[in-house]
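Next comes coords-v9.txt, a file with compact mmCIF, C-alpha atoms and all ligand atoms.
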```
# COMPACT_ATOMS: atom_id res chain seq x y z
CA MET A 27 -1.85 -33.26 -16.74
CA GLU A 28 -0.81 -36.20 -14.65
CA SER A 29 -2.19 -36.38 -11.16
CA THR A 30 -0.13 -34.93 -8.36
CA GLU A 31 0.47 -38.41 -7.00
CA THR A 32 1.89 -39.64 -10.32
CA ILE A 33 4.07 -36.56 -10.53
CA ARG A 34 5.30 -37.30 -7.04
CA LEU A 35 6.30 -40.83 -8.05
CA ARG A 36 8.04 -39.56 -11.17
CA ILE A 37 10.01 -37.04 -9.11
CA LEU A 38 11.00 -39.74 -6.62
CA GLU A 39 12.44 -41.76 -9.50
CA ALA A 40 14.39 -38.83 -10.88
CA VAL A 41 15.48 -37.23 -7.62
CA PRO A 42 16.29 -40.01 -5.20
CA GLY A 43 16.08 -39.08 -1.58
CA ALA A 44 13.61 -36.23 -2.04
CA LEU A 45 11.00 -36.03 0.68
CA LEU A 46 7.69 -35.33 -0.98
CA GLU A 47 4.23 -35.27 0.39
CA VAL A 48 0.95 -34.68 -1.35
CA VAL A 49 -1.04 -32.23 0.74
CA PRO A 50 -4.76 -32.73 0.14
CA ASN A 51 -7.05 -29.77 -0.17
CA GLY A 52 -10.43 -29.91 1.51
CA ALA A 53 -11.82 -26.94 -0.36
CA PRO A 54 -14.32 -27.53 -3.19
CA VAL A 55 -11.61 -26.92 -5.79
CA GLY A 56 -9.78 -29.96 -4.43
CA GLN A 57 -6.42 -28.89 -5.81
CA PRO A 58 -3.76 -30.91 -3.98
CA SER A 59 -0.29 -29.53 -3.56
CA LEU A 60 3.15 -31.00 -3.31
CA LEU A 61 5.23 -30.41 -0.21
CA VAL A 62 8.93 -30.48 -1.09
CA ASP A 63 11.83 -30.61 1.33
CA PRO A 64 14.21 -27.62 1.01
CA GLU A 65 17.34 -29.71 0.36
CA HIS A 66 15.98 -31.20 -2.83
CA ALA A 67 13.75 -28.32 -3.90
CA LEU A 68 16.11 -27.05 -6.57
CA ALA A 69 16.56 -30.48 -8.13
CA VAL A 70 12.83 -31.14 -8.00
CA ALA A 71 12.12 -27.78 -9.61
CA ARG A 72 14.63 -28.42 -12.37
CA PHE A 73 13.06 -31.81 -13.03
CA LEU A 74 9.55 -30.34 -13.15
CA ARG A 75 10.68 -27.73 -15.65
CA ASP A 76 12.57 -30.10 -17.95
CA ALA A 77 10.87 -33.48 -17.72
CA PRO A 78 9.03 -34.44 -20.88
CA GLY A 79 5.32 -34.55 -20.34
CA LEU A 80 5.51 -32.09 -17.45
CA GLN A 81 7.50 -29.10 -18.73
CA PHE A 82 6.34 -26.63 -16.14
CA ASP A 83 8.06 -23.73 -17.78
CA TYR A 84 6.16 -20.90 -16.10
CA CYS A 85 5.87 -19.99 -12.45
CA SER A 86 2.91 -17.67 -12.25
CA ASN A 87 2.74 -16.93 -8.58
CA VAL A 88 4.87 -17.10 -5.46
CA THR A 89 3.29 -16.34 -2.14
CA GLY A 90 3.92 -16.84 1.54
CA VAL A 91 1.87 -18.18 4.42
CA ASP A 92 2.62 -17.66 8.07
CA TRP A 93 1.65 -20.54 10.33
CA LEU A 94 1.79 -19.68 13.98
CA ASP A 95 2.50 -22.21 16.70
CA ARG A 96 -0.58 -24.34 17.00
CA GLU A 97 -1.84 -26.17 19.99
CA GLU A 98 -3.27 -29.50 19.08
CA GLU A 99 -5.21 -31.73 21.33
CA GLU A 100 -4.93 -35.43 20.96
CA ILE A 101 -6.67 -38.15 22.90
CA VAL A 102 -4.24 -40.67 24.27
CA ARG A 103 -5.75 -44.10 24.88
CA ASP A 104 -3.94 -46.28 27.31
CA ARG A 105 -4.43 -49.32 29.46
CA VAL A 106 -3.38 -49.16 33.05
CA ALA A 107 -2.99 -52.20 35.24
CA GLU A 108 -5.22 -52.06 38.24
CA THR A 109 -6.04 -54.34 41.07
CA GLY A 110 -8.34 -56.95 39.69
CA GLY A 111 -7.77 -56.30 36.03
CA GLU A 112 -7.07 -53.53 33.57
CA LYS A 113 -8.61 -50.16 33.09
CA LYS A 114 -8.84 -48.19 29.89
CA ILE A 115 -8.13 -44.55 30.23
CA GLU A 116 -8.48 -41.78 27.73
CA GLU A 117 -6.81 -38.57 28.47
CA PRO A 118 -6.52 -35.51 26.29
CA ARG A 119 -3.00 -34.28 25.90
CA LYS A 120 -1.97 -30.95 24.54
CA ARG A 121 0.85 -30.72 22.07
CA VAL A 122 2.28 -27.57 20.57
CA ARG A 123 3.00 -27.85 16.91
CA PRO A 124 5.71 -25.31 16.17
CA GLY A 125 4.94 -22.73 13.57
CA TYR A 126 6.71 -22.24 10.29
CA LEU A 127 6.68 -20.08 7.21
CA GLU A 128 5.50 -21.57 3.99
CA VAL A 129 6.22 -20.47 0.44
CA VAL A 130 3.80 -21.56 -2.26
CA TYR A 131 4.66 -21.71 -5.96
CA HIS A 132 2.07 -22.07 -8.72
CA LEU A 133 3.46 -23.70 -11.82
CA TYR A 134 2.02 -23.88 -15.32
CA SER A 135 3.22 -25.29 -18.57
CA MET A 136 2.91 -22.93 -21.49
CA ALA A 137 4.27 -25.54 -23.88
CA LEU A 138 1.79 -28.26 -22.94
CA ARG A 139 -0.94 -25.97 -21.70
CA HIS A 140 -1.53 -27.53 -18.36
CA GLY A 141 -1.36 -26.60 -14.75
CA PRO A 142 -1.38 -25.47 -12.11
CA LEU A 143 0.90 -27.58 -10.00
CA VAL A 144 1.24 -26.18 -6.50
CA LEU A 145 4.56 -26.53 -4.71
CA ARG A 146 5.02 -25.80 -1.04
CA LEU A 147 8.25 -25.22 0.81
CA ARG A 148 8.37 -24.93 4.57
CA THR A 149 10.96 -23.35 6.81
CA GLY A 150 12.16 -25.00 9.99
CA ASN A 151 10.59 -22.43 12.26
CA ARG A 152 9.58 -18.78 12.29
CA THR A 153 12.68 -17.29 13.90
CA ASP A 154 16.15 -18.53 13.02
CA ARG A 155 15.65 -21.34 10.54
CA VAL A 156 13.98 -19.32 7.82
CA ARG A 157 16.29 -20.09 4.92
CA LEU A 158 14.92 -21.73 1.80
CA PRO A 159 16.49 -22.28 -1.60
CA SER A 160 15.52 -19.71 -4.20
CA LEU A 161 13.82 -21.06 -7.30
CA THR A 162 14.72 -17.96 -9.32
CA PRO A 163 17.54 -19.85 -11.12
CA ILE A 164 14.85 -22.18 -12.49
CA TRP A 165 12.05 -19.69 -13.13
CA ARG A 166 13.06 -16.06 -13.67
CA SER A 167 9.54 -14.91 -12.84
CA CYS A 168 10.14 -15.81 -9.20
CA GLU A 169 12.64 -13.03 -8.70
CA PHE A 170 10.40 -10.16 -7.65
CA GLN A 171 7.86 -12.38 -5.95
CA GLU A 172 10.49 -14.03 -3.81
CA ARG A 173 11.71 -10.58 -2.90
CA GLU A 174 8.17 -9.77 -1.87
CA VAL A 175 7.96 -12.88 0.30
CA TYR A 176 11.31 -11.94 1.82
CA ASP A 177 10.10 -8.40 2.41
CA LEU A 178 6.75 -9.24 3.97
CA PHE A 179 7.33 -12.64 5.60
CA GLY A 180 11.07 -12.70 6.23
CA VAL A 181 11.92 -15.88 4.36
CA VAL A 182 15.56 -15.73 3.27
CA PHE A 183 16.04 -17.22 -0.18
CA GLU A 184 19.46 -18.70 -0.73
CA GLY A 185 20.79 -18.33 -4.24
CA HIS A 186 18.55 -15.38 -5.06
CA PRO A 187 20.42 -12.96 -7.33
CA ASP A 188 19.22 -9.77 -5.67
CA LEU A 189 17.50 -10.27 -2.35
CA ARG A 190 16.40 -6.84 -1.16
CA ARG A 191 13.17 -5.47 0.20
CA ILE A 192 10.82 -4.56 -2.61
CA LEU A 193 7.69 -2.96 -1.16
CA MET A 194 8.94 -1.54 2.11
CA TRP A 195 12.02 0.61 2.34
CA GLU A 196 15.51 -0.46 3.34
CA GLY A 197 15.81 -0.04 7.08
CA PHE A 198 12.23 -1.11 7.75
CA GLN A 199 12.06 -3.56 10.60
CA ASP A 200 9.96 -6.67 11.00
CA TYR A 201 7.83 -8.41 8.42
CA PRO A 202 4.37 -6.89 8.08
CA MET A 203 2.51 -9.91 6.75
CA ARG A 204 3.44 -12.07 9.70
CA LYS A 205 0.49 -12.69 11.92
CA ASP A 206 2.20 -11.32 15.02
CA TYR A 207 3.29 -8.08 13.38
CA VAL A 208 2.52 -5.03 15.51
CA GLU A 209 1.77 -2.08 13.26
CA PRO A 210 2.84 1.45 14.14
CA ASP A 211 0.36 3.28 16.31
CA ASP A 212 -0.46 6.27 14.15
CA TYR A 213 -4.17 6.67 14.82
CA GLU A 214 -4.10 10.11 16.27
CA TYR A 215 -7.22 11.06 14.38
CA GLU A 216 -9.94 8.75 13.17
CA PRO A 217 -13.29 10.32 12.31
CA THR A 218 -15.22 7.07 11.97
CA PRO A 219 -13.54 4.50 14.17
CA HIS A 220 -15.05 1.11 14.74
CA ASP A 221 -14.08 -2.17 16.33
CA ASP A 222 -10.43 -2.51 17.17
CA VAL A 223 -9.60 0.69 15.30
CA TRP A 224 -11.74 2.49 17.84
CA GLU A 225 -9.74 0.91 20.64
CA LYS A 226 -6.56 2.17 19.04
CA ALA A 227 -7.93 5.61 18.28
CA ARG A 228 -9.36 6.27 21.73
CA ARG A 229 -5.96 5.96 23.32
CA HIS A 230 -5.08 9.18 21.53
CA TYR A 231 -8.18 11.07 22.55
CA PRO A 232 -7.96 12.89 25.84
CA ALA A 233 -10.45 11.75 28.45
CA PRO A 234 -13.24 14.23 29.19
CA THR A 235 -12.75 16.60 32.05
CA VAL A 236 -15.02 15.93 35.01
CA GLY A 237 -18.30 17.79 34.74
CA SER A 238 -18.26 18.28 31.01
CA GLY A 239 -20.76 15.45 30.75
CA GLY A 240 -19.35 14.45 27.40
CA GLU A 241 -21.22 17.12 25.43
CA THR A 242 -18.00 18.22 23.79
CA SER A 243 -17.41 14.76 22.55
CA GLY A 244 -16.67 14.35 18.90
CA ASN A 245 -16.82 10.62 19.30
CA PRO A 246 -19.24 9.24 16.77
CA GLY A 247 -19.48 5.99 18.69
CA SER A 248 -20.98 7.57 21.79
CA MET B 14 -14.13 49.81 -10.75
CA ASP B 15 -17.87 49.70 -10.86
CA VAL B 16 -19.09 46.56 -12.60
CA GLY B 17 -21.94 48.33 -14.33
CA LEU B 18 -19.67 50.98 -15.74
CA ARG B 19 -17.24 48.37 -16.89
CA SER B 20 -19.79 46.37 -18.83
CA GLU B 21 -21.14 49.60 -20.26
CA LEU B 22 -17.66 50.48 -21.49
CA GLN B 23 -17.21 47.00 -22.85
CA ARG B 24 -20.29 47.39 -24.96
CA HIS B 25 -18.57 50.30 -26.59
CA GLY B 26 -15.46 48.30 -27.28
CA ILE B 27 -13.40 49.56 -24.38
CA PHE B 28 -11.92 46.91 -22.18
CA VAL B 29 -10.83 47.95 -18.74
CA THR B 30 -9.02 45.68 -16.36
CA THR B 31 -6.42 45.68 -13.65
CA LEU B 32 -3.01 44.18 -13.87
CA GLU B 33 -3.94 41.84 -11.05
CA GLU B 34 -7.00 40.54 -12.84
CA LEU B 35 -5.15 40.06 -16.07
CA TYR B 36 -2.35 38.29 -14.29
CA ASN B 37 -4.67 35.98 -12.37
CA TRP B 38 -6.77 35.33 -15.45
CA GLY B 39 -3.72 34.19 -17.32
CA ARG B 40 -2.45 32.06 -14.49
CA SER B 41 -5.72 30.38 -13.69
CA ASN B 42 -6.30 29.39 -17.28
CA SER B 43 -2.92 27.86 -17.86
CA LEU B 44 -2.45 25.51 -14.94
CA TRP B 45 0.07 22.91 -15.91
CA PRO B 46 -0.31 19.76 -13.85
CA LEU B 47 2.60 17.55 -12.98
CA GLY B 48 2.15 14.31 -14.86
CA PHE B 49 2.21 11.64 -12.22
CA GLY B 50 -0.35 9.25 -10.83
CA LEU B 51 -0.10 7.03 -7.82
CA ALA B 52 -2.97 4.56 -8.02
CA CYS B 53 -6.44 3.95 -9.43
CA CYS B 54 -7.43 7.63 -9.15
CA ALA B 55 -4.79 8.40 -11.76
CA ILE B 56 -6.91 6.55 -14.30
CA GLU B 57 -9.72 9.03 -13.72
CA MET B 58 -7.25 11.87 -13.97
CA ILE B 59 -6.08 10.51 -17.30
CA ALA B 60 -9.68 10.13 -18.43
CA ALA B 61 -10.32 13.74 -17.47
CA SER B 62 -7.50 14.87 -19.72
CA MET B 63 -8.70 12.81 -22.67
CA ALA B 64 -11.13 13.81 -25.40
CA ARG B 65 -14.35 12.91 -23.62
CA TYR B 66 -13.90 15.14 -20.58
CA ASP B 67 -11.30 17.33 -22.22
CA LEU B 68 -9.44 19.16 -19.50
CA ALA B 69 -7.97 21.27 -22.31
CA ARG B 70 -11.12 23.39 -22.20
CA PHE B 71 -9.81 24.72 -18.89
CA GLY B 72 -6.25 25.16 -20.05
CA ALA B 73 -4.94 22.37 -17.88
CA GLU B 74 -4.16 19.68 -20.40
CA VAL B 75 -0.41 20.25 -20.53
CA PHE B 76 0.76 17.51 -18.19
CA ARG B 77 4.43 18.21 -17.60
CA PRO B 78 6.90 15.44 -16.97
CA SER B 79 9.14 17.73 -14.92
CA PRO B 80 8.29 19.46 -11.66
CA ARG B 81 10.23 22.52 -12.85
CA GLN B 82 7.64 23.15 -15.55
CA ALA B 83 4.53 22.35 -13.55
CA ASP B 84 2.51 24.53 -11.25
CA LEU B 85 -0.26 22.16 -10.20
CA MET B 86 0.30 18.89 -8.41
CA ILE B 87 -2.64 16.50 -8.61
CA VAL B 88 -1.98 13.89 -5.94
CA ALA B 89 -4.08 11.21 -7.62
CA GLY B 90 -4.05 8.04 -5.62
CA THR B 91 -2.73 6.20 -2.63
CA VAL B 92 0.37 7.74 -1.09
CA THR B 93 2.31 4.93 0.48
CA LYS B 94 4.78 5.76 3.17
CA LYS B 95 7.52 4.69 0.83
CA MET B 96 6.30 7.15 -1.82
CA ALA B 97 5.53 10.10 0.46
CA PRO B 98 9.10 11.53 0.64
CA GLN B 99 9.28 11.54 -3.14
CA VAL B 100 5.95 13.36 -3.41
CA VAL B 101 7.14 16.01 -0.97
CA ARG B 102 10.43 16.31 -2.81
CA LEU B 103 8.62 16.79 -6.13
CA TYR B 104 6.50 19.47 -4.53
CA ASN B 105 9.62 21.22 -3.27
CA GLN B 106 11.08 21.15 -6.74
CA MET B 107 8.09 22.86 -8.33
CA ALA B 108 8.44 26.54 -9.04
CA GLU B 109 6.18 29.07 -7.33
CA PRO B 110 3.31 29.72 -7.56
CA LYS B 111 2.26 26.14 -7.03
CA TYR B 112 -0.98 24.48 -6.05
CA VAL B 113 -2.02 21.03 -4.88
CA ILE B 114 -5.21 19.09 -5.48
CA ALA B 115 -5.62 16.00 -3.30
CA MET B 116 -7.71 13.68 -5.42
CA GLY B 117 -9.63 10.83 -3.88
CA ALA B 118 -10.14 9.29 -0.48
CA CYS B 119 -6.58 7.96 -0.38
CA ALA B 120 -4.81 11.24 -0.96
CA ILE B 121 -7.11 12.95 1.54
CA SER B 122 -7.00 10.46 4.38
CA GLY B 123 -5.57 7.10 3.39
CA GLY B 124 -8.98 5.99 2.15
CA PRO B 125 -9.71 2.28 2.20
CA PHE B 126 -6.11 1.62 3.24
CA LYS B 127 -6.15 3.96 6.20
CA GLN B 128 -5.89 1.09 8.63
CA GLY B 129 -2.89 -0.37 6.86
CA TYR B 130 0.64 -0.08 8.13
CA ASN B 131 2.10 1.30 4.93
CA VAL B 132 -0.22 4.06 3.72
CA LEU B 133 0.09 7.72 4.57
CA LYS B 134 -3.10 8.98 6.16
CA GLY B 135 -3.42 12.03 3.93
CA ILE B 136 -0.87 14.01 1.95
CA ASP B 137 -1.86 17.20 3.77
CA ARG B 138 0.35 16.01 6.61
CA TYR B 139 3.39 17.10 4.64
CA ILE B 140 2.35 19.61 1.99
CA PRO B 141 -0.39 22.25 1.95
CA VAL B 142 -3.41 21.14 -0.08
CA ASP B 143 -5.57 23.73 -1.83
CA VAL B 144 -8.50 21.57 -2.94
CA HIS B 145 -9.61 18.19 -1.63
CA ILE B 146 -11.84 15.98 -3.80
CA PRO B 147 -13.64 13.16 -2.02
CA GLY B 148 -14.57 10.00 -3.86
CA CYS B 149 -13.15 6.61 -4.56
CA PRO B 150 -12.34 7.41 -7.27
CA PRO B 151 -13.77 10.86 -7.93
CA ARG B 152 -15.30 11.08 -11.37
CA PRO B 153 -13.59 13.23 -13.99
CA GLU B 154 -16.34 15.79 -13.45
CA ALA B 155 -15.24 16.05 -9.84
CA LEU B 156 -11.67 16.72 -10.92
CA ILE B 157 -12.92 19.36 -13.33
CA HIS B 158 -14.91 20.88 -10.51
CA ALA B 159 -11.82 20.91 -8.33
CA LEU B 160 -9.92 22.62 -11.09
CA MET B 161 -12.63 25.24 -11.46
CA THR B 162 -12.62 25.78 -7.70
CA LEU B 163 -8.88 26.28 -7.85
CA GLN B 164 -9.27 28.70 -10.75
CA GLN B 165 -11.73 30.73 -8.73
CA ARG B 166 -9.33 30.79 -5.82
CA ILE B 167 -6.50 31.96 -8.03
CA ALA B 168 -8.68 34.61 -9.62
CA ALA B 169 -9.53 35.92 -6.15
CA GLU B 170 -5.92 36.18 -5.01
CA SER B 171 -4.77 39.71 -4.38
CA LEU B 172 -1.18 40.32 -5.19
CA VAL B 173 -0.54 43.02 -2.64
CA GLY B 174 -1.71 43.69 0.85
CA PRO B 175 -2.06 41.51 3.89
CA ASN B 176 -4.09 38.83 2.08
CA ARG B 177 -1.36 37.94 -0.35
CA PRO B 178 -1.15 34.26 -1.17
CA ARG B 179 1.53 32.10 0.34
CA HIS B 180 3.97 32.34 -2.52
CA LEU B 181 4.16 36.13 -2.28
CA ARG B 182 5.01 36.19 1.40
CA ARG B 183 8.57 36.11 2.51
CA ASP B 184 7.73 34.55 5.87
CA GLN B 185 5.93 31.56 4.38
CA PRO B 186 7.96 28.57 3.32
CA GLY B 187 7.85 27.35 -0.24
CA GLU B 188 9.55 24.11 0.61
CA PHE B 189 8.61 21.62 3.26
CA PRO B 190 10.81 19.15 5.07
CA VAL B 191 11.03 15.76 3.41
CA PRO B 192 10.24 12.99 5.90
CA GLU B 193 12.74 10.22 6.45
CA TYR B 194 12.23 6.50 6.59
CA GLY B 195 12.15 5.17 10.12
CA SER B 196 12.09 1.62 11.35
CA HIS B 197 8.29 1.39 11.11
CA ASP B 198 6.94 4.77 10.13
CA LEU B 199 8.02 8.02 8.58
CA ILE B 200 9.94 10.44 10.75
CA PRO B 201 8.32 12.77 11.56
CA PRO B 202 4.86 11.23 11.02
CA LYS B 203 3.45 14.66 10.19
CA ASN B 204 4.58 18.22 9.69
CA GLU B 205 3.21 19.85 12.82
CA SER B 206 3.43 23.33 11.34
CA ILE B 207 0.86 22.61 8.64
CA TRP B 208 -1.25 19.75 9.98
CA ARG B 209 -2.48 18.89 13.41
CA PRO B 210 -5.09 16.32 14.25
CA PRO B 211 -8.36 17.82 15.43
CA VAL B 212 -8.75 17.46 19.16
CA ILE B 213 -11.46 14.94 19.87
CA VAL B 214 -12.57 14.50 23.45
CA ARG B 215 -14.03 11.11 24.12
CA SER B 216 -17.02 10.65 26.28
CA GLY B 217 -15.77 7.75 28.33
S1 LIG C 301 -9.38 6.83 -3.51
FE1 LIG C 301 -10.11 4.86 -4.31
S2 LIG C 301 -9.82 5.03 -6.52
FE2 LIG C 301 -8.55 6.62 -5.58
S3 LIG C 301 -6.54 5.72 -5.30
FE3 LIG C 301 -7.68 5.38 -3.41
S4 LIG C 301 -8.60 3.35 -3.66
FE4 LIG C 301 -7.97 4.06 -5.69
```

Rewrite the structure from the file as structure tokens, please.
Ligand code: SF4
Amino acid sequence: MESTETIRLRILEAVPGALLEVVPNGAPVGQPSLLVDPEHALAVARFLRDAPGLQFDYCSNVTGVDWLDREEEEIVRDRVAETGGEKKIEEPRKRVRPGYLEVVYHLYSMALRHGPLVLRLRTGNRTDRVRLPSLTPIWRSCEFQEREVYDLFGVVFEGHPDLRRILMWEGFQDYPMRKDYVEPDDYEYEPTPHDDVWEKARRHYPAPTVGSGGETSGNPGS
Amino acid sequence: MDVGLRSELQRHGIFVTTLEELYNWGRSNSLWPLGFGLACCAIEMIAASMARYDLARFGAEVFRPSPRQADLMIVAGTVTKKMAPQVVRLYNQMAEPKYVIAMGACAISGGPFKQGYNVLKGIDRYIPVDVHIPGCPPRPEALIHALMTLQQRIAAESLVGPNRPRHLRRDQPGEFPVPEYGSHDLIPPKNESIWRPPVIVRSG
């Protein structure tokens, strides 16, 4: 298979105006991925499927990633004019990088037996700009997996033939795989609580009456 | 009847029994399970019904595809909150007398997924369970043991008198309310009339 960088250049030739970025991977596997802008994603996907030598005819996996707002610190170097010369200052400045939802596609070619090529699509933010083009028209195997990403992360896929929840029921609120999801508090009984489960469970246990000395406690952590 | 006298009579080719015993003997040896599995435990249930473990020896190999024909529900696997109403509905559709075996850590308590947002923390919150089998998954031998335990319980049921089983009492329900889907959890989260959490008093 051609390197991700070569593929990127080929796509740029075929789909003018596409914004592509090769995202390096620091892990030992070193598998880089290709960040695609949502406007051109469909055209890029069609090219990847049909271009001779690439022919990524199989999308094996679609998954979502939730990136929260991140605070980044950067050192700003500046020169300030001072009496009798200049002074260099370095000051750390905090910057909030807004969060987004990311959808990752793993592509293989059955015809040419190569892959995977990893595509990433990012939404504008985590609240109101969560629409991305659906790649189901290109790869049928995306259908259920995009529904799953919609169900658990709340990414709305435009052009999806049947975008409904798939794992949770209709009428369920929120998106459970988001990092800020608050799960229902149903720990009224937990025989072996530990860590944060214990914190949750103990809220349901009545406090001991004064003088009982805790002998009646069924708390295994005591 | 005196047990000694009965075996003495049997030796002479006279078989004495009661209607109750005969009835329970027949019932306990022809338990027809409902053929459904929910997760990995179902694989062990299937193994138990196959030639190697051979559930047929206990008369329970006739897995029925319809709740109307089944009298034993083996809840084999993880009951997700999305699945729980269907399980309760299937139970309601089974004809009396009916029994439930909760197989595996998941069906008992939620098991390894107990801390998840989407798994019911034990099917006994909605339907009465006769035998619980711990294990993740329980081996087929454990399922066979549960079946034998259930058979013993059925054989010990008296059909008249104050200790009649649930299905012979007018005041006991044979159907249980099916929970509804809420915005995050099932409504109600448990059937208070059959399951209440044990009261645990914390020490501090
Ligand atoms: S108890 Fe274990 S084996 Fe059984 S369904 Fe749950 S996770 Fe699977």

Give me, as JSON lines, each residue of chain B that comes within 7 Å of ligand LIG 301 (chain C), together with its shortest interatomic pair and the distance in Å at one decimal, counting all atoms listed in the file, with rows ordered by chain and rising residue number.
```
{"residue": "B:Ala52", "atom": "CA", "partner": "C:LIG301", "partner_atom": "S3", "distance": 4.6}
{"residue": "B:Cys53", "atom": "CA", "partner": "C:LIG301", "partner_atom": "FE4", "distance": 4.0}
{"residue": "B:Cys54", "atom": "CA", "partner": "C:LIG301", "partner_atom": "FE2", "distance": 3.9}
{"residue": "B:Ala89", "atom": "CA", "partner": "C:LIG301", "partner_atom": "S3", "distance": 6.4}
{"residue": "B:Gly90", "atom": "CA", "partner": "C:LIG301", "partner_atom": "S3", "distance": 3.4}
{"residue": "B:Thr91", "atom": "CA", "partner": "C:LIG301", "partner_atom": "S3", "distance": 4.7}
{"residue": "B:Gly117", "atom": "CA", "partner": "C:LIG301", "partner_atom": "S1", "distance": 4.0}
{"residue": "B:Ala118", "atom": "CA", "partner": "C:LIG301", "partner_atom": "S1", "distance": 4.0}
{"residue": "B:Cys119", "atom": "CA", "partner": "C:LIG301", "partner_atom": "FE3", "distance": 4.1}
{"residue": "B:Ala120", "atom": "CA", "partner": "C:LIG301", "partner_atom": "S1", "distance": 6.8}
{"residue": "B:Gly124", "atom": "CA", "partner": "C:LIG301", "partner_atom": "S1", "distance": 5.7}
{"residue": "B:Pro125", "atom": "CA", "partner": "C:LIG301", "partner_atom": "S4", "distance": 6.1}
{"residue": "B:Gly148", "atom": "CA", "partner": "C:LIG301", "partner_atom": "S1", "distance": 6.1}
{"residue": "B:Cys149", "atom": "CA", "partner": "C:LIG301", "partner_atom": "FE1", "distance": 3.5}
{"residue": "B:Pro150", "atom": "CA", "partner": "C:LIG301", "partner_atom": "S2", "distance": 3.5}
```

If we count only C-alpha atoms and set the cut-off at 12 Å, which residues sit around Glu128 in chain A, ignoring sequence neighbours fewer than 6 positions away in its own chain? Please answer as number ranges by chain.
A: 61-64, 88-94, 145-152, 156-158, 172, 175-176, 179-182, 204

Do you have, as a tab-separated table, the list of residues of chain B lying at most 9 Å from chain A, each with its nearest atom pair and that distance in Å to one decimal, counting all atoms listed in the file and ordered by chain then number?
```
residue	atom	partner	partner_atom	distance
B:Lys94	CA	A:Met194	CA	8.5
B:Lys95	CA	A:Trp195	CA	6.3
B:Gln128	CA	A:Val223	CA	7.6
B:Gly129	CA	A:Glu209	CA	8.1
B:Tyr130	CA	A:Glu209	CA	5.6
B:Asn131	CA	A:Met194	CA	7.9
B:Lys134	CA	A:Asp212	CA	8.8
B:Tyr194	CA	A:Trp195	CA	7.3
B:Gly195	CA	A:Phe198	CA	6.7
B:Ser196	CA	A:Phe198	CA	4.5
B:His197	CA	A:Phe198	CA	5.8
B:Asp198	CA	A:Pro210	CA	6.6
B:Pro202	CA	A:Asp212	CA	7.9
B:Pro210	CA	A:Tyr215	CA	5.7
B:Pro211	CA	A:Tyr215	CA	6.9
B:Val212	CA	A:Tyr231	CA	7.3
B:Ile213	CA	A:Gly244	CA	5.3
B:Val214	CA	A:Ser243	CA	4.9
B:Arg215	CA	A:Ser243	CA	5.2
B:Ser216	CA	A:Gly240	CA	4.6
B:Gly217	CA	A:Ala233	CA	6.7
```

Output file for the residues above (C-alpha atoms, as a CSV table (one decimal), in the frame of the given file):
```csv
chain,number,residue,atom,x,y,z
B,94,LYS,CA,4.8,5.8,3.2
B,95,LYS,CA,7.5,4.7,0.8
B,128,GLN,CA,-5.9,1.1,8.6
B,129,GLY,CA,-2.9,-0.4,6.9
B,130,TYR,CA,0.6,-0.1,8.1
B,131,ASN,CA,2.1,1.3,4.9
B,134,LYS,CA,-3.1,9.0,6.2
B,194,TYR,CA,12.2,6.5,6.6
B,195,GLY,CA,12.2,5.2,10.1
B,196,SER,CA,12.1,1.6,11.4
B,197,HIS,CA,8.3,1.4,11.1
B,198,ASP,CA,6.9,4.8,10.1
B,202,PRO,CA,4.9,11.2,11.0
B,210,PRO,CA,-5.1,16.3,14.2
B,211,PRO,CA,-8.4,17.8,15.4
B,212,VAL,CA,-8.8,17.5,19.2
B,213,ILE,CA,-11.5,14.9,19.9
B,214,VAL,CA,-12.6,14.5,23.4
B,215,ARG,CA,-14.0,11.1,24.1
B,216,SER,CA,-17.0,10.6,26.3
B,217,GLY,CA,-15.8,7.8,28.3
```

Check the smallest atom-to-atom distance from each of B:Leu44, B:Arg70, B:Arg65, B:Pro201 to Ala83 in chain B using only C-alpha atoms, then report the winner.
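Distance minimum relative to Ala83 in chain B lands on B:Leu44.
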
Distance of CA of Phe82 in chain A from CA of Met136 in chain A, expressed in Å to one decimal place
7.4 Å

Pick from B:Val144, B:Leu160, B:Leu18, B:Leu51: nearest to Met96 in chain B, with all atoms listed in the file counted?
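Ranked by minimum distance to Met96 in chain B, first place goes to B:Leu51.
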
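Take CA of Asp83 in chain A and CA of Met27 in chain A: the distance between them is 13.8 Å.
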